[in-house]
file target08.cif (mmCIF, C-alpha atoms)
data_run
#
loop_
_atom_site.label_atom_id
_atom_site.label_comp_id
_atom_site.auth_asym_id
_atom_site.auth_seq_id
_atom_site.Cartn_x
_atom_site.Cartn_y
_atom_site.Cartn_z
CA MET A 7 0.00 0.00 0.00
CA ASN A 8 1.30 3.43 -0.95
CA ILE A 9 -0.39 6.70 -0.12
CA GLU A 10 0.94 9.50 -2.26
CA ALA A 11 1.38 12.95 -0.74
CA THR A 12 2.73 16.11 -2.33
CA ILE A 13 6.42 15.76 -1.37
CA CYS A 14 6.47 12.35 0.28
CA ARG A 15 4.60 9.09 0.29
CA LEU A 16 3.39 6.75 3.00
CA ARG A 17 3.98 3.03 2.64
CA ALA A 18 3.51 -0.13 4.66
CA LEU A 19 6.28 -1.39 6.92
CA GLU A 20 8.67 -3.85 5.31
CA PRO A 21 11.06 -6.31 6.98
CA GLU A 22 13.92 -4.13 5.68
CA ASP A 23 12.72 -1.34 8.01
CA LEU A 24 13.77 -3.30 11.10
CA GLU A 25 17.10 -1.53 11.71
CA LEU A 26 15.58 1.89 11.08
CA MET A 27 12.78 1.19 13.57
CA TYR A 28 15.28 -0.23 16.03
CA GLY A 29 17.15 3.07 15.95
CA TRP A 30 14.04 5.22 16.35
CA GLU A 31 12.37 3.11 19.05
CA ASN A 32 15.54 2.92 21.12
CA ASP A 33 16.42 6.61 20.89
CA MET A 34 16.02 7.73 24.50
CA GLN A 35 15.45 11.32 23.34
CA ILE A 36 12.16 10.18 21.83
CA TRP A 37 11.00 7.96 24.67
CA ARG A 38 9.22 10.73 26.57
CA VAL A 39 6.98 11.59 23.62
CA SER A 40 6.32 7.96 22.71
CA GLY A 41 5.62 6.78 26.26
CA THR A 42 8.47 4.28 26.09
CA VAL A 43 10.37 3.37 29.25
CA ALA A 44 12.46 0.39 28.09
CA PRO A 45 14.41 -0.60 24.98
CA PHE A 46 12.80 -2.64 22.21
CA SER A 47 14.48 -5.79 20.96
CA ARG A 48 14.82 -6.57 17.29
CA HIS A 49 12.63 -9.62 17.91
CA VAL A 50 9.76 -7.51 19.29
CA LEU A 51 10.07 -5.01 16.44
CA SER A 52 10.16 -7.84 13.92
CA ARG A 53 6.87 -9.13 15.34
CA LEU A 54 5.41 -5.61 15.12
CA ILE A 55 6.33 -5.48 11.44
CA GLU A 56 4.74 -8.90 10.91
CA GLU A 57 1.55 -7.80 12.69
CA GLN A 58 1.22 -4.87 10.29
CA GLN A 59 0.06 -7.35 7.66
CA PHE A 60 -3.18 -7.65 9.60
CA ASP A 61 -6.06 -5.28 9.18
CA ILE A 62 -6.26 -2.16 11.35
CA TYR A 63 -9.70 -3.38 12.44
CA ALA A 64 -8.00 -6.39 14.05
CA THR A 65 -4.91 -4.73 15.51
CA ARG A 66 -6.41 -1.28 16.28
CA GLN A 67 -3.17 0.32 15.11
CA MET A 68 -1.20 1.00 11.95
CA ARG A 69 2.29 2.29 11.26
CA LEU A 70 3.25 3.71 7.89
CA VAL A 71 6.74 4.71 6.80
CA ILE A 72 7.27 8.22 5.42
CA GLU A 73 9.42 8.10 2.29
CA HIS A 74 11.05 11.03 0.53
CA ASP A 75 13.10 10.58 -2.64
CA GLY A 76 13.03 6.81 -2.08
CA GLN A 77 14.44 7.06 1.45
CA ALA A 78 12.62 6.25 4.69
CA VAL A 79 12.65 9.48 6.70
CA GLY A 80 10.02 8.87 9.37
CA ALA A 81 6.81 7.14 10.35
CA VAL A 82 3.21 7.97 11.19
CA ASP A 83 1.03 5.89 13.45
CA LEU A 84 -2.68 5.49 13.90
CA PHE A 85 -3.37 4.01 17.32
CA GLU A 86 -6.34 3.46 19.63
CA PHE A 87 -8.35 3.06 16.42
CA ASP A 88 -12.03 3.26 17.38
CA PRO A 89 -14.23 2.44 14.37
CA HIS A 90 -17.45 2.80 16.38
CA ASN A 91 -16.72 6.41 17.33
CA ARG A 92 -14.77 6.93 14.09
CA ARG A 93 -11.56 8.26 15.63
CA ALA A 94 -7.91 7.38 16.14
CA GLY A 95 -4.82 8.78 17.81
CA VAL A 96 -1.96 10.02 15.64
CA GLY A 97 1.78 9.85 16.26
CA ILE A 98 4.59 10.97 14.01
CA ILE A 99 8.36 10.85 13.93
CA VAL A 100 10.57 12.47 11.34
CA ASP A 101 14.26 11.59 11.45
CA SER A 102 16.28 14.54 12.80
CA GLN A 103 18.15 15.02 9.50
CA HIS A 104 14.87 15.55 7.63
CA ARG A 105 12.97 17.88 9.95
CA ALA A 106 11.82 21.39 9.03
CA GLN A 107 11.36 20.45 5.35
CA GLY A 108 7.56 20.17 5.33
CA LEU A 109 7.63 16.36 5.33
CA GLY A 110 5.74 15.99 8.62
CA CYS A 111 2.87 18.24 7.57
CA ASP A 112 2.68 16.59 4.14
CA ALA A 113 2.61 13.12 5.75
CA LEU A 114 -0.14 14.19 8.18
CA LYS A 115 -2.28 15.51 5.31
CA ALA A 116 -1.89 12.23 3.41
CA LEU A 117 -2.72 10.24 6.56
CA GLU A 118 -5.81 12.38 7.14
CA GLN A 119 -7.01 11.77 3.59
CA TYR A 120 -6.56 8.02 4.07
CA ALA A 121 -8.31 8.16 7.46
CA ARG A 122 -11.27 10.07 6.01
CA GLN A 123 -11.68 8.34 2.65
CA THR A 124 -10.69 4.76 3.42
CA LEU A 125 -11.30 4.31 7.15
CA HIS A 126 -14.23 6.78 7.24
CA LEU A 127 -12.92 8.41 10.41
CA HIS A 128 -14.52 11.55 11.76
CA GLN A 129 -11.61 12.79 13.85
CA LEU A 130 -7.96 12.34 14.72
CA TRP A 131 -6.36 13.33 17.99
CA CYS A 132 -2.92 13.63 19.55
CA SER A 133 -1.29 14.56 22.85
CA VAL A 134 1.76 16.84 22.97
CA THR A 135 3.72 18.05 25.99
CA VAL A 136 3.82 21.82 26.44
CA ASP A 137 7.58 21.94 25.87
CA ASN A 138 7.47 20.13 22.51
CA GLU A 139 7.31 23.28 20.42
CA ALA A 140 8.13 21.55 17.12
CA SER A 141 5.24 19.08 17.45
CA LEU A 142 2.82 21.77 18.61
CA LYS A 143 3.77 23.87 15.59
CA LEU A 144 3.41 20.89 13.24
CA PHE A 145 -0.03 19.84 14.47
CA ARG A 146 -1.32 23.42 14.56
CA LYS A 147 -0.09 23.95 11.00
CA ALA A 148 -1.91 20.73 10.01
CA GLY A 149 -5.17 22.13 11.42
CA TYR A 150 -5.32 20.43 14.82
CA VAL A 151 -6.82 22.53 17.60
CA GLU A 152 -6.27 22.38 21.33
CA CYS A 153 -9.19 20.80 23.14
CA GLY A 154 -7.85 20.04 26.59
CA LEU A 155 -4.98 20.09 29.04
CA ARG A 156 -3.74 17.39 31.37
CA ARG A 157 -1.91 19.06 34.23
CA GLU A 158 1.43 17.58 35.38
CA TRP A 159 0.68 14.53 33.22
CA ILE A 160 4.16 13.47 32.12
CA LEU A 161 6.85 12.95 34.72
CA THR A 162 10.41 13.82 33.73
CA SER A 163 13.68 14.04 35.63
CA ASP A 164 13.08 17.81 35.80
CA GLY A 165 9.53 17.53 37.14
CA ALA A 166 6.04 17.09 35.73
CA LEU A 167 4.91 18.52 32.39
CA ASP A 168 1.45 19.44 31.21
CA GLU A 169 0.16 17.67 28.12
CA ILE A 170 -2.00 19.40 25.52
CA LEU A 171 -4.75 17.41 23.86
CA MET A 172 -5.37 18.30 20.23
CA GLN A 173 -7.87 17.09 17.69
CA LYS A 174 -8.86 17.57 14.10
CA ILE A 175 -12.37 17.02 12.82
CA LEU A 176 -12.08 15.56 9.33
#

call {"tool": "encode", "arguments": {"input": "target08.cif", "output": "structure tokens"}}
result
Amino acid sequence: MNIEATICRLRALEPEDLELMYGWENDMQIWRVSGTVAPFSRHVLSRLIEEQQFDIYATRQMRLVIEHDGQAVGAVDLFEFDPHNRRAGVGIIVDSQHRAQGLGCDALKALEQYARQTLHLHQLWCSVTVDNEASLKLFRKAGYVECGLRREWILTSDGALDEILMQKIL
């Protein structure tokens, strides 16, 4: 499956993506935004890739690789897929070397089109800590609006951070 965007495309995970995912999932700088607290093994990630062959209705999640000029530069996730209420959570990672090039916003727009036209979703949502200015800027630019605040929701070594809830009605 390929979903064409303006400057990038979204594609299904492939076994060849294992090392790339291993690097992203085990980058401790990203753990706070992904809710990760322990490293992922290659075995676990390999199983995740295998599970992506199953329908989102069965797994309730989907990861797509963001490609630009034939190179994997990031990933977008749909998670907590709720077909009854027609909504899903959204997560995105763009490799540090490819940020600030419009790829994240382009990938979100393509994902939204897929969510609306193929999955018939009514809304997408995300949660972003107040200090994650790049993600807040990205989601605002993509048309997400703030709809709530969780006070002192994410614990860090420097204290607790508020988390902003954002959503986009499709």

call {"tool": "residues_around", "arguments": {"input": "target08.cif", "residues": "A:Thr124", "least_positions_apart": "6", "cutoff": "12 Å", "atoms": "only C-alpha atoms", "output": "number ranges by chain"}}
result
A: 9, 62, 89, 92, 116-118

call {"tool": "write_last_selection", "arguments": {"input": "target08.cif", "atoms": "C-alpha atoms", "output": "PDB file, in the frame of the given file"}}
result
ATOM      1  CA  ILE A   9      -0.390   6.700  -0.120  1.00  0.00           C
ATOM      2  CA  ILE A  62      -6.260  -2.160  11.350  1.00  0.00           C
ATOM      3  CA  PRO A  89     -14.230   2.440  14.370  1.00  0.00           C
ATOM      4  CA  ARG A  92     -14.770   6.930  14.090  1.00  0.00           C
ATOM      5  CA  ALA A 116      -1.890  12.230   3.410  1.00  0.00           C
ATOM      6  CA  LEU A 117      -2.720  10.240   6.560  1.00  0.00           C
ATOM      7  CA  GLU A 118      -5.810  12.380   7.140  1.00  0.00           C
TER       8      GLU A 118
END

call {"tool": "resolve_selection", "arguments": {"input": "target08.cif", "expression": "the PyMOL selection byres ((chain A and resi 22-32) around 7)", "output": "list in words"}}
result
Leu19, Glu20, Pro21, Asp33, Met34, Pro45, Phe46, Arg48, Leu51 and Ser52 of chain A

call {"tool": "resolve_selection", "arguments": {"input": "target08.cif", "expression": "the PyMOL selection byres ((chain A and resi 174) around 9)", "output": "list of chain:residue names"}}
result
A:His128, A:Gln129, A:Leu130, A:Trp131, A:Cys132, A:Ala148, A:Gly149, A:Tyr150, A:Val151, A:Met172, A:Gln173, A:Ile175, A:Leu176

call {"tool": "closest_residue", "arguments": {"input": "target08.cif", "among": "A:Arg156, A:Arg146, A:Arg93, A:His126", "to": "A:Leu114", "atoms": "all atoms listed in the file"}}
result
A:Arg146

call {"tool": "closest_residue", "arguments": {"input": "target08.cif", "among": "A:Leu16, A:Ala94, A:Ile170, A:Ala64", "to": "A:Gln77", "atoms": "only C-alpha atoms"}}
result
A:Leu16

call {"tool": "atom_distance", "arguments": {"input": "target08.cif", "atom1": "atom CA of A:Gln67", "atom2": "atom CA of A:Leu142"}}
result
22.5 Å
